[in-house]
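Please read the structure below before turning to the comments.
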Protein chains: 2
Amino acid sequence: MHEWQEEVLAEVRAGSRISDRDIVDKVRRAVLMQRLPPGTRLPEVTLGEVFGVSRSVVRKALTRLASEHVVDQRPNQVARVRAPSIEETRETFAARRLVEGEVAALLAGRLEAASRDRLAAQARGEIEAHGRGDEPARIEHSLAIHHLLAEHSPNRVLGAMLTDLILRTSIVIALYKRPNLASCFLEGDHTALLAALERGDAEAAREGIRHHLESLEALLDLSPREASIDLMAILGRSREQA
Amino acid sequence: MHEWQEEVLAEVRAGSRISDRDIVDKVRRAVLMQRLPPGTRLPEVTLGEVFGVSRSVVRKALTRLASEHVVDQRPNQVARVRAPSIEETRETFAARRLVEGEVAALLAGRLEAASRDRLAAQARGEIEAHGRGDEPARIEHSLAIHHLLAEHSPNRVLGAMLTDLILRTSIVIALYKRPNLASCFLEGDHTALLAALERGDAEAAREGIRHHLESLEALLDLSPREASIDLMAILGRSREQA
DNA sequence: GACAGGGTCATTGTATACAGGATCCTTGCC
DNA sequence: GGCAAGGATCCTGTATACAATGACCCTGTC
């Protein structure tokens, strides 16, 4: 995790105060961006040095990351970046289809003008970013759309659950994306979904979500493999470099 | 929280080793049993004395309880037992209907003989406990049934989400139960559900869950009140006694 | 009597020290 | 060469000390 460590050090020197929340955000983001591959060891002292805080703060951050399923924290063992199995990936997608479908159905016809405009803007942004081949920007826009859905969910409990599921699916998408695939862009899905929401068609919105997430899952390589991931998670020192 | 404190002290002296997990379990249970009413202050030192450990352990436990939505932990403020609002209660029930309904549907026709027998035994136990007026035992059996569903969910992700939702609904049931109501027993619901699971009727199982949870919610007193709960949560020292 | 100001106390935030456990490497044996 | 036992090292678990923030109370004023 050395390169990442250096980058963070630079950022940290710039901004001054660091709290556990900052650490959670930075690590989560790093995992999402695959700067910290699955299995990476995250010793408390090392993280503390990176962020310039002591173990107390790091511990709290790691506990929170564990409850977000980003990190694996086992008694008396070094925390590691989690590597969800193929099975768990499928289950996460299924759960997200259920929850996000319901959220979309609840949201149909209830969108305020301001929210609708922000959604539309993100959808346009995604298309543009895809057009100019800017994949990171496209991902940002795509995530923003789904996060907006979660945020505006009339049912806040479901909304919070959706936020968690969006994070988890993003991680496994990064993990299992077919290497030759440049992008997970599904042309028109988001636009169609927004249209359904706008005209208040709850079932179309639910189906739109279901279809979108099924297509996304189909883009992944979830064929059973030599259990390399699992072995790596168990014996895995090969991936890290500290 | 003094009486509870003394009881725990006794238990703790008996058993020897106490870890953060034990604290989480004991506090969770105390909240569920309404030994610790909503709004109760939970200072770290006090809890530490009760369990005979230092603040480090208590802090970890409180963080976990906060992520389980049992406790409210805000920066620089004493952790308090959470008091979910009426709105959140409704949303929690809706979320649970969605998730548990899906779990039941997935489980229909897939129950192993052993699991089915354990479920049936708990259902019988619930009816018996209700018959002899033993409400705590009845609750235990009822909870056990739903926890078994969560545990055996073919989709583990949904199963974990369901576990969380069962806890949260149990808390709000205890909170909002009509005072004159002796029991939240719904005769036949569990038996009918098990029958649907057994004969592999996924939609009947889903509907069984939906109906069961709607009836349960209807037993609660969720009429809007003088915001007493909210005020209590905000200004509330009246409830605690440490 | 209500309200603003300031001081005190209670409680959390953070860092650090020490103890215990896990891992890793080395050594000695087969 | 492979493998088990032992020790060194790394890392986490826990307790404690100090800093800092927020809550509470008391006082003085209008």
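Ordering of the structure tokens sets the chain letters (A, B, ...), residue numbers begin anew at 1 in every chain, and ligands are numbered from 1 in the order given.
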Inset, instruction - Select residues of chain D: the criterion is any atom within 8 Å of an atom of chain A, counting only C-alpha atoms (C1' of nucleotides); output as JSON, numbers by chain. - result: {"D": [11, 12, 13]}
Inset, instruction - Find the residues near Val157 in chain A: any atom within 7 Å, counting only C-alpha atoms (C1' of nucleotides), skip ones fewer than 3 places away on the same chain, and give them as a list in words. - result: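 Final neighbour list, sorted by chain and number: Ala160 and Met161 of chain A; Glu91, Thr92 and Ala95 of chain B.
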Just write the chosen residues, N, CA and C atoms, as a PDB file, in the first residue's frame.
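Written output follows (selection_10.pdb):
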ATOM      1  N   ALA A 160     -31.118   4.125   3.538  1.00  0.00           N
ATOM      2  CA  ALA A 160     -29.824   3.838   4.157  1.00  0.00           C
ATOM      3  C   ALA A 160     -29.319   2.468   3.730  1.00  0.00           C
ATOM      4  N   MET A 161     -30.234   1.504   3.668  1.00  0.00           N
ATOM      5  CA  MET A 161     -29.821   0.176   3.238  1.00  0.00           C
ATOM      6  C   MET A 161     -29.310   0.219   1.801  1.00  0.00           C
TER       7      MET A 161
ATOM      8  N   GLU B  91     -41.441   3.058   8.657  1.00  0.00           N
ATOM      9  CA  GLU B  91     -40.494   2.739   7.586  1.00  0.00           C
ATOM     10  C   GLU B  91     -39.758   1.439   7.871  1.00  0.00           C
ATOM     11  N   THR B  92     -39.429   1.213   9.134  1.00  0.00           N
ATOM     12  CA  THR B  92     -38.738  -0.023   9.482  1.00  0.00           C
ATOM     13  C   THR B  92     -39.626  -1.228   9.187  1.00  0.00           C
ATOM     14  N   ALA B  95     -39.738  -1.785   5.470  1.00  0.00           N
ATOM     15  CA  ALA B  95     -38.500  -2.396   4.990  1.00  0.00           C
ATOM     16  C   ALA B  95     -38.473  -3.877   5.352  1.00  0.00           C
TER      17      ALA B  95
END
Legend entry - Every residue of chain B that DSSP places in helix (DSSP H, G or I), as an MDAnalysis selection string: chainID B and resid 2:14 20:32 44:51 55:67 86:107 113:131 135:152 156:176 189:198 202:218 228:235
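The space separating CA of Ser153 in chain B from CA of Ser115 in chain B comes to 11.2 Å.
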Would you write out, as a tab-separated table, a table of all residues in chain A that have an atom no more than 12 Å from an atom of chain C, listing for each the closest atom pair and the distance in Å to one decimal, considering only C-alpha atoms (C1' of nucleotides) and ordering rows by chain and rising residue number?
residue	atom	partner	partner_atom	distance
A:Ile18	CA	C:DT14	C1'	11.6
A:Ser19	CA	C:DG13	C1'	10.0
A:Asp20	CA	C:DG13	C1'	10.8
A:Gly48	CA	C:DA15	C1'	11.3
A:Gly52	CA	C:DA15	C1'	11.5
A:Val53	CA	C:DT14	C1'	8.5
A:Ser54	CA	C:DA15	C1'	6.3
A:Arg55	CA	C:DA15	C1'	8.3
A:Ser56	CA	C:DT14	C1'	7.0
A:Val57	CA	C:DT14	C1'	7.6
A:Val58	CA	C:DT14	C1'	10.9
A:Arg59	CA	C:DT14	C1'	11.9
A:Lys60	CA	C:DG13	C1'	11.5
A:Arg74	CA	C:DA22	C1'	11.8
A:Pro75	CA	C:DG21	C1'	9.8
A:Asn76	CA	C:DG21	C1'	6.6
A:Gln77	CA	C:DA22	C1'	7.2
A:Val78	CA	C:DA22	C1'	9.6
A:Leu235	CA	C:DT23	C1'	11.6
A:Arg237	CA	C:DT23	C1'	11.4
Inset, instruction - Within 10 Å of chain A, which residues of chain B are there when counting only C-alpha atoms? Please give them as a VMD selection string. - result: chain B and resid 56 59 to 60 63 to 64 66 to 68 87 to 96 98 to 99 102 154 to 159 161 165
